[in-house]
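Peer 1: Contents of start-v2.txt (compact mmCIF, C-alpha atoms) are given next:
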```txt
# COMPACT_ATOMS: atom_id res chain seq x y z
CA MET A 1 -20.84 -19.63 5.93
CA VAL A 2 -19.78 -18.16 2.56
CA ILE A 3 -22.74 -17.98 0.24
CA ASN A 4 -22.77 -19.43 -3.28
CA ARG A 5 -23.19 -17.04 -6.19
CA VAL A 6 -24.15 -17.36 -9.82
CA CYS A 7 -22.70 -14.78 -12.20
CA GLY A 8 -24.10 -13.87 -15.58
CA PHE A 9 -20.84 -14.47 -17.41
CA ALA A 10 -22.00 -13.55 -20.91
CA PHE A 11 -23.72 -10.38 -19.73
CA LEU A 12 -20.74 -9.42 -17.60
CA GLY A 13 -18.41 -9.80 -20.56
CA ILE A 14 -20.49 -7.27 -22.52
CA VAL A 15 -20.61 -4.90 -19.54
CA VAL A 16 -16.85 -5.07 -19.11
CA MET A 17 -16.27 -4.15 -22.76
CA LEU A 18 -18.68 -1.21 -22.54
CA LEU A 19 -17.23 0.12 -19.31
CA THR A 20 -13.68 -0.26 -20.50
CA ALA A 21 -14.51 1.99 -23.42
CA MET A 22 -16.13 4.53 -21.08
CA VAL A 23 -13.16 5.06 -18.78
CA LYS A 24 -10.80 7.38 -20.63
CA PRO A 25 -7.46 8.64 -19.33
CA GLU A 26 -8.03 12.08 -17.83
CA ALA A 27 -4.85 12.73 -15.91
CA TRP A 28 -1.38 11.25 -15.93
CA GLY A 29 -1.19 8.13 -13.79
CA PHE A 30 -4.88 7.97 -12.80
CA TYR A 31 -6.28 5.89 -15.65
CA GLY A 32 -5.34 2.47 -14.29
CA HIS A 33 -6.72 3.04 -10.80
CA ARG A 34 -10.05 4.27 -12.10
CA LEU A 35 -10.43 1.39 -14.52
CA ILE A 36 -9.44 -1.29 -12.01
CA ASN A 37 -11.82 -0.03 -9.32
CA ARG A 38 -14.66 0.11 -11.84
CA MET A 39 -14.11 -3.42 -13.07
CA ALA A 40 -13.85 -4.79 -9.53
CA VAL A 41 -17.48 -3.91 -8.90
CA PHE A 42 -18.59 -6.58 -11.40
CA THR A 43 -16.84 -9.37 -9.51
CA LEU A 44 -19.14 -8.94 -6.50
CA PRO A 45 -22.07 -11.20 -5.52
CA PRO A 46 -25.71 -10.15 -5.98
CA GLU A 47 -25.96 -9.07 -2.34
CA LEU A 48 -23.28 -6.40 -2.89
CA ILE A 49 -23.24 -5.55 -6.58
CA GLY A 50 -26.46 -3.52 -6.42
CA PHE A 51 -25.03 -1.11 -3.87
CA TYR A 52 -21.68 -0.76 -5.62
CA LYS A 53 -23.18 -0.45 -9.12
CA LYS A 54 -25.44 2.35 -7.96
CA ASN A 55 -22.33 4.12 -6.68
CA ILE A 56 -19.93 2.99 -9.39
CA GLU A 57 -19.06 6.54 -10.45
CA TYR A 58 -17.84 7.25 -6.92
CA MET A 59 -15.83 4.01 -6.89
CA THR A 60 -14.28 5.05 -10.20
CA GLU A 61 -13.51 8.71 -9.60
CA HIS A 62 -12.42 8.38 -5.99
CA ALA A 63 -9.99 5.58 -6.76
CA ILE A 64 -7.37 8.34 -6.94
CA ASP A 65 -8.11 10.04 -3.62
CA PRO A 66 -5.12 8.47 -1.82
CA ASP A 67 -2.80 9.90 -4.48
CA LYS A 68 -4.18 13.38 -3.83
CA ARG A 69 -3.38 13.08 -0.12
CA ARG A 70 0.28 12.25 -0.70
CA TYR A 71 0.96 15.97 -0.86
CA ALA A 72 -1.00 16.75 2.29
CA THR A 73 0.49 14.45 4.94
CA LYS A 74 3.75 12.58 5.35
CA HIS A 75 1.85 9.52 6.52
CA GLU A 76 0.09 8.95 3.19
CA GLY A 77 2.90 8.20 0.76
CA VAL A 78 4.25 5.19 2.66
CA ARG A 79 0.86 3.46 2.39
CA HIS A 80 1.34 2.97 -1.34
CA TYR A 81 4.51 0.85 -1.42
CA ILE A 82 7.04 -1.22 0.48
CA ASP A 83 10.76 -1.30 -0.30
CA ILE A 84 10.75 -4.95 0.61
CA ASP A 85 14.23 -5.59 -0.82
CA GLN A 86 15.53 -3.15 1.78
CA TRP A 87 14.93 -5.85 4.37
CA ASP A 88 15.17 -9.31 2.80
CA LYS A 89 14.91 -11.47 -0.31
CA ILE A 90 11.94 -13.45 -1.63
CA PRO A 91 9.92 -14.83 0.13
CA PHE A 92 11.02 -12.35 2.82
CA PRO A 93 10.97 -14.66 5.85
CA ASN A 94 12.81 -12.08 7.97
CA VAL A 95 10.17 -9.38 7.54
CA PRO A 96 7.60 -9.69 10.34
CA ARG A 97 4.05 -9.93 9.02
CA ASP A 98 2.79 -8.13 12.12
CA PHE A 99 3.23 -4.38 11.65
CA GLU A 100 4.16 -3.57 15.23
CA GLU A 101 6.75 -6.33 15.32
CA ALA A 102 8.25 -5.01 12.08
CA ILE A 103 8.64 -1.56 13.60
CA ILE A 104 10.05 -3.00 16.83
CA LYS A 105 12.63 -4.98 14.87
CA HIS A 106 13.92 -1.95 12.98
CA CYS A 107 13.35 0.89 15.43
CA LYS A 108 16.12 2.69 17.28
CA ILE A 109 15.79 3.48 20.96
CA LYS A 110 17.58 6.56 22.24
CA PHE A 111 17.96 7.55 25.86
CA ILE A 112 17.88 11.24 26.75
CA SER A 113 19.55 12.52 29.93
CA GLY A 114 20.10 16.25 30.09
CA SER A 115 22.17 17.19 27.05
CA ASP A 116 23.27 13.59 26.51
CA SER A 117 21.54 11.37 23.98
CA LEU A 118 22.80 7.98 22.94
CA TYR A 119 21.30 4.82 21.48
CA PHE A 120 20.71 1.63 23.36
CA ASP A 121 21.96 -1.60 21.84
CA LYS A 122 18.86 -3.67 21.14
CA VAL A 123 18.66 -7.44 20.84
CA ILE A 124 15.51 -9.38 20.05
CA THR A 125 15.05 -13.13 20.29
CA PRO A 126 11.80 -15.09 19.90
CA ASP A 127 11.50 -15.12 23.67
CA SER A 128 13.17 -11.96 24.97
CA PHE A 129 13.77 -8.27 24.35
CA PHE A 130 17.10 -6.83 25.58
CA LEU A 131 18.42 -3.27 25.97
CA HIS A 132 22.10 -2.63 26.71
CA THR A 133 24.31 0.40 27.24
CA ASN A 134 27.63 0.98 28.96
CA TYR A 135 26.91 4.67 29.52
CA LEU A 136 25.60 6.28 32.70
CA GLY A 137 26.91 3.46 34.82
CA GLY A 138 25.78 0.79 32.38
CA VAL A 139 22.51 -1.07 32.19
CA HIS A 140 21.41 -4.44 30.88
CA LEU A 141 17.66 -4.89 30.83
CA SER A 142 15.47 -7.67 29.51
CA ILE A 143 11.82 -8.53 29.28
CA ASP A 144 9.74 -11.33 27.83
CA TYR A 145 9.30 -10.47 24.14
CA PRO A 146 5.55 -11.20 23.91
CA THR A 147 5.08 -8.96 26.95
CA PHE A 148 7.04 -6.17 25.26
CA VAL A 149 4.96 -6.48 22.09
CA LYS A 150 1.77 -6.31 24.14
CA TYR A 151 3.08 -3.20 25.92
CA TRP A 152 4.09 -1.64 22.60
CA LYS A 153 0.64 -2.12 21.10
CA LYS A 154 -1.02 -0.63 24.18
CA VAL A 155 1.31 2.31 24.89
CA ILE A 156 3.48 3.11 21.86
CA LYS A 157 1.18 2.22 18.96
CA PRO A 158 -1.22 5.12 19.75
CA MET A 159 1.73 7.51 19.20
CA TYR A 160 2.18 6.41 15.59
CA TYR A 161 0.92 9.66 14.02
CA GLU A 162 2.69 11.89 16.53
CA ASP A 163 5.93 13.64 15.63
CA GLU A 164 7.76 12.21 18.63
CA TRP A 165 7.47 8.85 20.37
CA ARG A 166 8.65 9.67 23.87
CA LEU A 167 8.47 7.53 27.00
CA SER A 168 9.22 8.86 30.46
CA GLY A 169 11.59 7.19 32.89
CA TYR A 170 8.57 6.21 34.94
CA ASP A 171 7.09 4.32 31.95
CA LEU A 172 10.29 2.36 31.37
CA ASP A 173 10.91 1.59 35.04
CA GLU A 174 7.39 0.20 35.27
CA LEU A 175 7.89 -1.92 32.16
CA PHE A 176 11.28 -3.37 33.11
CA ASN A 177 10.59 -3.44 36.87
CA THR A 178 13.59 -1.25 37.66
CA SER A 179 14.38 2.20 39.07
CA TYR A 180 17.24 2.84 36.64
CA PHE A 181 15.53 5.37 34.37
CA GLN A 182 14.10 7.63 37.07
CA GLN A 183 17.29 7.53 39.13
CA ASN A 184 19.33 8.67 36.14
CA LYS A 185 16.63 11.09 34.92
CA ILE A 186 16.40 9.31 31.61
CA ASP A 187 13.61 9.59 29.08
CA VAL A 188 13.48 7.45 25.96
CA LEU A 189 12.80 8.40 22.34
CA ILE A 190 11.80 5.69 19.90
CA GLU A 191 12.65 6.27 16.23
CA ASP A 192 10.67 4.47 13.55
CA HIS A 193 13.15 3.43 10.85
CA PHE A 194 10.76 1.00 9.18
CA SER A 195 7.75 2.97 7.95
CA LEU A 196 9.69 5.32 5.69
CA HIS A 197 10.42 2.31 3.44
CA GLY A 198 6.70 1.67 2.93
CA ILE A 199 3.90 -0.14 4.71
CA VAL A 200 1.43 -1.15 1.99
CA PRO A 201 0.79 -4.78 3.09
CA TYR A 202 0.20 -3.68 6.67
CA HIS A 203 -2.06 -0.83 5.56
CA LEU A 204 -4.10 -3.25 3.47
CA GLU A 205 -4.75 -5.38 6.53
CA THR A 206 -5.68 -2.33 8.58
CA THR A 207 -8.02 -1.07 5.85
CA LEU A 208 -9.68 -4.48 5.58
CA ASN A 209 -10.47 -4.31 9.29
CA LYS A 210 -11.88 -0.78 8.92
CA LEU A 211 -14.09 -1.88 6.05
CA THR A 212 -15.32 -4.87 8.02
CA ARG A 213 -16.30 -2.54 10.85
CA ALA A 214 -18.10 -0.22 8.44
CA PHE A 215 -20.10 -3.19 7.14
CA GLU A 216 -20.90 -4.29 10.70
CA ILE A 217 -22.50 -0.96 11.55
CA LYS A 218 -23.95 -0.56 8.03
CA ASP A 219 -22.34 2.84 7.56
CA ARG A 220 -22.96 3.13 3.82
CA VAL A 221 -20.91 6.31 3.44
CA ALA A 222 -17.90 4.78 5.19
CA ILE A 223 -18.29 1.54 3.22
CA LEU A 224 -18.13 3.43 -0.05
CA ARG A 225 -15.29 5.75 0.91
CA ILE A 226 -13.11 3.00 2.38
CA SER A 227 -13.84 0.66 -0.54
CA ALA A 228 -12.75 3.21 -3.15
CA GLU A 229 -9.51 3.91 -1.32
CA PHE A 230 -8.93 0.25 -0.51
CA GLY A 231 -8.99 -0.48 -4.23
CA HIS A 232 -6.22 2.05 -4.80
CA TYR A 233 -3.89 0.51 -2.23
CA ILE A 234 -4.61 -3.04 -3.43
CA SER A 235 -3.74 -2.02 -7.00
CA ASP A 236 -0.53 -0.34 -5.85
CA ALA A 237 0.58 -3.55 -4.13
CA HIS A 238 0.43 -5.30 -7.52
CA VAL A 239 2.98 -2.97 -9.14
CA PRO A 240 6.50 -4.46 -9.09
CA LEU A 241 8.08 -1.01 -8.78
CA HIS A 242 6.05 -0.42 -5.61
CA THR A 243 8.05 -3.22 -3.94
CA THR A 244 11.62 -2.01 -4.33
CA THR A 245 14.11 0.67 -3.34
CA ASN A 246 14.74 1.07 -7.09
CA TYR A 247 11.18 2.34 -7.45
CA ASN A 248 11.78 4.58 -10.45
CA GLY A 249 14.82 2.93 -11.99
CA GLN A 250 16.97 5.60 -10.37
CA LEU A 251 19.54 3.03 -9.28
CA THR A 252 19.91 1.45 -12.74
CA ASP A 253 19.83 4.55 -14.99
CA GLN A 254 16.18 3.90 -15.94
CA VAL A 255 14.49 6.97 -14.48
CA GLY A 256 10.88 7.15 -15.62
CA ILE A 257 10.28 3.40 -15.83
CA HIS A 258 7.70 3.58 -13.03
CA ALA A 259 5.18 5.65 -14.97
CA PHE A 260 6.11 3.74 -18.15
CA TRP A 261 5.05 0.38 -16.68
CA GLU A 262 2.21 1.56 -14.45
CA SER A 263 0.58 4.23 -16.60
CA ARG A 264 1.80 4.50 -20.18
CA ILE A 265 1.39 0.80 -21.01
CA PRO A 266 -2.22 0.52 -19.70
CA GLU A 267 -3.25 3.78 -21.36
CA LEU A 268 -2.04 2.52 -24.73
CA PHE A 269 -3.15 -1.09 -24.66
CA ALA A 270 -5.75 -1.80 -21.95
CA GLU A 271 -8.83 -0.87 -23.97
CA SER A 272 -7.82 -2.59 -27.18
CA GLU A 273 -5.94 -5.67 -26.00
CA TYR A 274 -6.66 -6.59 -22.37
CA ASP A 275 -9.36 -8.93 -21.11
CA PHE A 276 -10.78 -7.79 -17.81
CA PHE A 277 -13.25 -10.61 -17.30
CA VAL A 278 -11.80 -12.15 -14.14
CA GLY A 279 -14.77 -14.08 -12.82
CA LYS A 280 -16.37 -13.83 -9.40
CA ALA A 281 -14.75 -12.64 -6.18
CA ASP A 282 -13.55 -15.26 -3.70
CA TYR A 283 -13.72 -15.33 0.07
CA ILE A 284 -10.19 -15.05 1.50
CA GLU A 285 -9.66 -17.39 4.44
CA ASN A 286 -6.31 -15.89 5.46
CA PRO A 287 -6.13 -12.24 4.38
CA ARG A 288 -2.64 -11.65 5.77
CA ASP A 289 -1.11 -14.45 3.71
CA TYR A 290 -3.15 -13.40 0.69
CA ILE A 291 -1.93 -9.80 0.92
CA TRP A 292 1.69 -10.81 1.35
CA ASN A 293 1.46 -13.18 -1.61
CA ILE A 294 0.36 -10.19 -3.72
CA VAL A 295 3.52 -8.33 -2.73
CA ILE A 296 5.76 -11.38 -3.23
CA LYS A 297 4.33 -12.05 -6.69
CA ALA A 298 4.71 -8.41 -7.72
CA HIS A 299 8.31 -8.33 -6.55
CA GLY A 300 8.97 -11.53 -8.45
CA HIS A 301 8.30 -9.61 -11.68
CA LEU A 302 10.81 -6.88 -10.86
CA ASP A 303 13.85 -8.30 -12.64
CA SER A 304 11.92 -8.63 -15.89
CA VAL A 305 10.47 -5.12 -15.59
CA LEU A 306 13.96 -3.66 -15.35
CA LEU A 307 16.04 -6.00 -17.51
CA VAL A 308 13.67 -6.01 -20.49
CA GLU A 309 13.55 -2.22 -20.62
CA LYS A 310 17.32 -1.99 -20.24
CA ARG A 311 17.79 -4.33 -23.19
CA LEU A 312 15.30 -2.49 -25.40
CA SER A 313 16.81 0.88 -24.58
CA LYS A 314 20.01 -0.34 -26.22
CA GLU A 315 18.19 -1.61 -29.30
CA PHE A 316 16.17 1.57 -29.96
CA ASP A 317 17.68 4.93 -30.85
CA SER A 318 16.74 7.61 -28.33
CA ASP A 319 14.56 9.48 -30.83
CA LEU A 320 12.52 6.29 -31.27
CA GLN A 321 12.14 5.80 -27.52
CA TYR A 322 10.65 9.17 -26.60
CA CYS A 323 8.01 11.35 -28.21
CA TYR A 324 6.17 14.48 -27.13
CA ASP A 325 2.50 14.65 -26.20
CA GLU A 326 0.04 17.24 -24.88
CA ARG A 327 -1.24 16.50 -21.37
CA LEU A 328 -3.35 18.91 -19.33
CA GLY A 329 -2.17 21.86 -21.39
CA GLN A 330 1.49 20.91 -21.14
CA THR A 331 3.89 19.31 -23.57
CA ILE A 332 5.51 16.28 -21.95
CA ARG A 333 8.20 13.84 -22.98
CA ILE A 334 6.78 10.32 -23.05
CA GLN A 335 7.62 6.87 -24.41
CA CYS A 336 6.70 6.47 -28.08
CA PRO A 337 3.88 4.00 -28.85
CA GLU A 338 6.24 1.81 -30.89
CA TYR A 339 8.72 1.58 -28.04
CA ALA A 340 5.92 0.90 -25.57
CA GLU A 341 4.57 -1.84 -27.83
CA ALA A 342 7.97 -3.52 -28.02
CA TYR A 343 8.25 -3.35 -24.24
CA THR A 344 4.84 -4.81 -23.50
CA LYS A 345 5.34 -7.60 -26.04
CA ALA A 346 8.67 -8.48 -24.46
CA LEU A 347 7.01 -8.57 -21.02
CA GLY A 348 4.31 -10.88 -22.30
CA SER A 349 1.02 -10.57 -20.43
CA MET A 350 2.59 -9.23 -17.22
CA VAL A 351 0.90 -5.83 -17.08
CA GLU A 352 -2.47 -7.25 -18.10
CA GLU A 353 -2.23 -10.07 -15.56
CA GLN A 354 -1.31 -7.70 -12.75
CA MET A 355 -4.27 -5.49 -13.62
CA ARG A 356 -6.56 -8.54 -13.76
CA SER A 357 -5.19 -9.74 -10.44
CA SER A 358 -5.81 -6.29 -8.95
CA ILE A 359 -9.44 -6.35 -10.09
CA HIS A 360 -10.02 -9.79 -8.62
CA ALA A 361 -8.20 -8.97 -5.39
CA ILE A 362 -10.26 -5.83 -4.82
CA GLY A 363 -13.51 -7.73 -5.33
CA SER A 364 -12.33 -10.58 -3.13
CA LEU A 365 -11.23 -8.38 -0.25
CA LEU A 366 -14.42 -6.30 -0.38
CA TYR A 367 -16.39 -9.53 -0.33
CA THR A 368 -14.28 -10.90 2.53
CA ALA A 369 -14.89 -7.79 4.64
CA TRP A 370 -18.62 -8.16 4.08
CA VAL A 371 -18.66 -11.87 4.97
CA ASN A 372 -16.53 -11.27 8.08
CA ALA A 373 -19.02 -8.58 9.12
CA GLY A 374 -21.80 -11.17 9.11
CA GLN A 375 -23.12 -10.58 5.56
CA PRO A 376 -25.28 -7.58 6.50
CA ILE A 377 -27.98 -6.44 4.09
CA ILE A 378 -26.74 -3.26 2.42
CA ASP A 379 -29.76 -1.47 0.98
CA ALA A 380 -29.24 -0.77 -2.71
CA SER A 381 -32.68 0.76 -3.22
CA GLU A 382 -31.70 4.15 -1.83
CA PRO A 383 -30.44 6.87 -4.20
CA GLN A 384 -26.80 7.21 -5.11
CA LEU A 385 -24.83 8.34 -2.07
CA LEU A 386 -23.52 11.86 -1.87
CA VAL A 387 -20.28 11.64 0.07
CA LYS A 388 -18.95 14.91 1.46
CA GLU A 389 -15.44 15.44 0.20
CA GLU A 390 -12.84 16.73 2.60
CA PRO A 391 -10.57 19.38 1.04
CA VAL A 392 -6.98 18.30 0.47
CA VAL A 393 -4.53 21.03 1.44
CA PRO A 394 -1.03 20.44 0.03
CA ASP A 395 1.88 20.86 2.42
CA LYS A 396 4.97 22.28 0.75
CA ASN A 397 7.13 20.48 3.33
CA ILE A 398 5.94 17.03 2.22
CA LYS A 399 8.65 15.24 0.24
CA THR A 400 7.30 12.91 -2.42
CA ARG A 401 9.13 10.26 -4.42
CA ALA A 402 10.51 11.27 -7.80
CA HIS A 403 7.91 9.35 -9.83
CA ASP A 404 5.10 11.21 -8.03
CA ASN A 405 6.12 14.63 -9.34
```
With the file now loaded, output its structure as structure tokens.
Peer 2:
Amino acid sequence: MVINRVCGFAFLGIVVMLLTAMVKPEAWGFYGHRLINRMAVFTLPPELIGFYKKNIEYMTEHAIDPDKRRYATKHEGVRHYIDIDQWDKIPFPNVPRDFEEAIIKHCKIKFISGSDSLYFDKVITPDSFFLHTNYLGGVHLSIDYPTFVKYWKKVIKPMYYEDEWRLSGYDLDELFNTSYFQQNKIDVLIEDHFSLHGIVPYHLETTLNKLTRAFEIKDRVAILRISAEFGHYISDAHVPLHTTTNYNGQLTDQVGIHAFWESRIPELFAESEYDFFVGKADYIENPRDYIWNIVIKAHGHLDSVLLVEKRLSKEFDSDLQYCYDERLGQTIRIQCPEYAEAYTKALGSMVEEQMRSSIHAIGSLLYTAWVNAGQPIIDASEPQLLVKEEPVVPDKNIKTRAHDN
């Protein structure tokens, strides 16, 4: 049963104003994540807020940890976005909500026989999974689709972080109840063509499950670490430009619009104009639908994000659009405050509302993980946790998106 909670609304309003003033931009692009994570703490019920308030500096500072890892592993960057318009249009009915089924739908399956390598033709119906090829004597194989998904999750899913997803002929013969693959000395390589376009809604669901488990075993260090990073990914899912192939305006001659919307606007106006009192966190009955609705809503703002800036760029002379500022010892070219003000006014309350929604969503999903774990008592009387930080070693071979650089 979800417990009832009484929030001190007047006190919380004062706290929000004080904390908003405390969180200053320290590095380009990090301000919003820190602020949102910090504010989310004050949406939590009494049973949780003590623990998170005691560790609020960790929640704030480590909101940016996932961004640091983008340069260390190729698997990190895709957790921050989804190019959902690569696959479908709102409300995206053709994008499977189950991660494994999404990969299955868009993967390519290649058979390897000696020096020969060719792709199977793949057909999926609600009931069946088919593989066809006319090479090597031809083969037409089929299996019940739910059975194939079950097999995938058991055998192929554990390979996700490996460089190569390879199945032997024995594996495939066993699956399809045939001797074709071993007789023809065929192995199979599976190529993931889905993940490179982003997996943020699926990663949110995975992270929710990890946090629930951390609550179940009362691992306070894991709870704190996962919560801080969870907040980052939840916030990213609220950014319209994290839901499109045109993620930095590179397809519409608007390069730089990503940081403009996500970072420059909040840095200029959040403290003075935005209201971050969002009320208490809610228990989410259906997290998957809730997460996907975040993505759908964010993508629904995309046209305005792009079209409004395109219009304003024609109304303002270039020297009134861009100014120069000192950041971290470097002089950078950045949107002028007057241009940014015109943009945010034309957008209405969009940026503020997406930040507010991020704050509430973080609180609600943290609360949901705790409730689903059985509402364990998390001791807030112990001193602030000291969480050992793992060093992040950049990999020069990791390719990041243009707006990350």
Peer 1: Pick the closest to Ala361 of chain A from A:Ile36, A:Ile103, A:Ala340, A:Ile64: which is it, counting all atoms listed in the file?
Peer 2: A:Ile36
Peer 1: From the options A:Phe51, A:Tyr161, A:Tyr135, A:Tyr31, which residue's atoms come nearest to Ile377 of chain A, counting all atoms listed in the file?
Peer 2: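 Going through A:Phe51, A:Tyr161, A:Tyr135, A:Tyr31 one by one, the smallest distance to Ile377 of chain A is for A:Phe51.
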Peer 1: Please tell me which residues are no farther than 12 Å from (5.4, -13.6, -9.6) in the file, counting all atoms listed in the file, and write them as a list in words.
Peer 2: Ile90, Pro91, His238, Val239, Pro240, Trp292, Asn293, Ile294, Val295, Ile296, Lys297, Ala298, His299, Gly300, His301, Leu302, Asp303, Ser304, Val305, Met350, Val351, Glu353, Gln354 and Ser357 of chain A
Peer 1: Determine, counting only C-alpha atoms, which protein, DNA and RNA residues have an atom within 6 Å of an atom of segment 366-371 of chain A; residues of the same chain fewer than 6 positions away are not included. Present the result as JSON, numbers by chain.
Peer 2: {"A": [212, 283, 284]}
Peer 1: Let me make sure I understand: among A:Ile199, A:Val308, A:Ala270, A:Ile234, which one has the smallest atom-to-atom distance to Ala40 of chain A if we use all atoms listed in the file?
Peer 2: A:Ile234
Peer 1: Limit the output to C-alpha atoms and give segment 48-101 of chain A as a tab-separated table (two decimals), in the first residue's frame.
Peer 2:
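And here's selection38.tsv as it stands now:
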```tsv
chain	number	residue	atom	x	y	z
A	48	LEU	CA	13.08	9.05	2.42
A	49	ILE	CA	13.82	12.76	2.60
A	50	GLY	CA	16.02	12.43	5.70
A	51	PHE	CA	18.42	10.07	3.96
A	52	TYR	CA	18.54	12.07	0.74
A	53	LYS	CA	18.83	15.47	2.47
A	54	LYS	CA	21.78	14.23	4.50
A	55	ASN	CA	23.42	13.25	1.21
A	56	ILE	CA	22.09	16.08	-0.91
A	57	GLU	CA	25.55	17.32	-1.89
A	58	TYR	CA	26.29	13.92	-3.40
A	59	MET	CA	22.96	13.92	-5.24
A	60	THR	CA	23.82	17.38	-6.59
A	61	GLU	CA	27.45	16.95	-7.58
A	62	HIS	CA	27.16	13.43	-8.93
A	63	ALA	CA	24.21	14.28	-11.14
A	64	ILE	CA	26.82	14.74	-13.88
A	65	ASP	CA	28.65	11.43	-13.48
A	66	PRO	CA	26.98	9.80	-16.51
A	67	ASP	CA	28.21	12.67	-18.70
A	68	LYS	CA	31.77	12.04	-17.55
A	69	ARG	CA	31.54	8.39	-18.61
A	70	ARG	CA	30.50	9.21	-22.17
A	71	TYR	CA	34.17	9.54	-23.02
A	72	ALA	CA	35.15	6.28	-21.35
A	73	THR	CA	32.84	3.68	-22.91
A	74	LYS	CA	30.82	3.44	-26.10
A	75	HIS	CA	27.90	2.04	-24.13
A	76	GLU	CA	27.33	5.20	-22.10
A	77	GLY	CA	26.36	7.81	-24.68
A	78	VAL	CA	23.34	5.91	-26.01
A	79	ARG	CA	21.78	5.88	-22.53
A	80	HIS	CA	21.16	9.62	-22.70
A	81	TYR	CA	18.87	9.86	-25.74
A	82	ILE	CA	16.72	8.08	-28.30
A	83	ASP	CA	16.42	9.13	-31.94
A	84	ILE	CA	12.80	8.10	-31.81
A	85	ASP	CA	11.94	9.75	-35.13
A	86	GLN	CA	14.38	7.34	-36.75
A	87	TRP	CA	11.80	4.63	-36.21
A	88	ASP	CA	8.28	6.10	-36.16
A	89	LYS	CA	6.04	9.10	-35.55
A	90	ILE	CA	4.19	10.14	-32.39
A	91	PRO	CA	2.97	8.19	-30.44
A	92	PHE	CA	5.47	5.67	-31.86
A	93	PRO	CA	3.25	2.57	-31.93
A	94	ASN	CA	5.79	0.68	-34.05
A	95	VAL	CA	8.62	1.01	-31.53
A	96	PRO	CA	8.52	-1.99	-29.16
A	97	ARG	CA	8.44	-0.93	-25.51
A	98	ASP	CA	10.39	-4.06	-24.58
A	99	PHE	CA	14.10	-3.43	-25.18
A	100	GLU	CA	14.96	-6.91	-26.42
A	101	GLU	CA	12.08	-6.90	-28.86
```
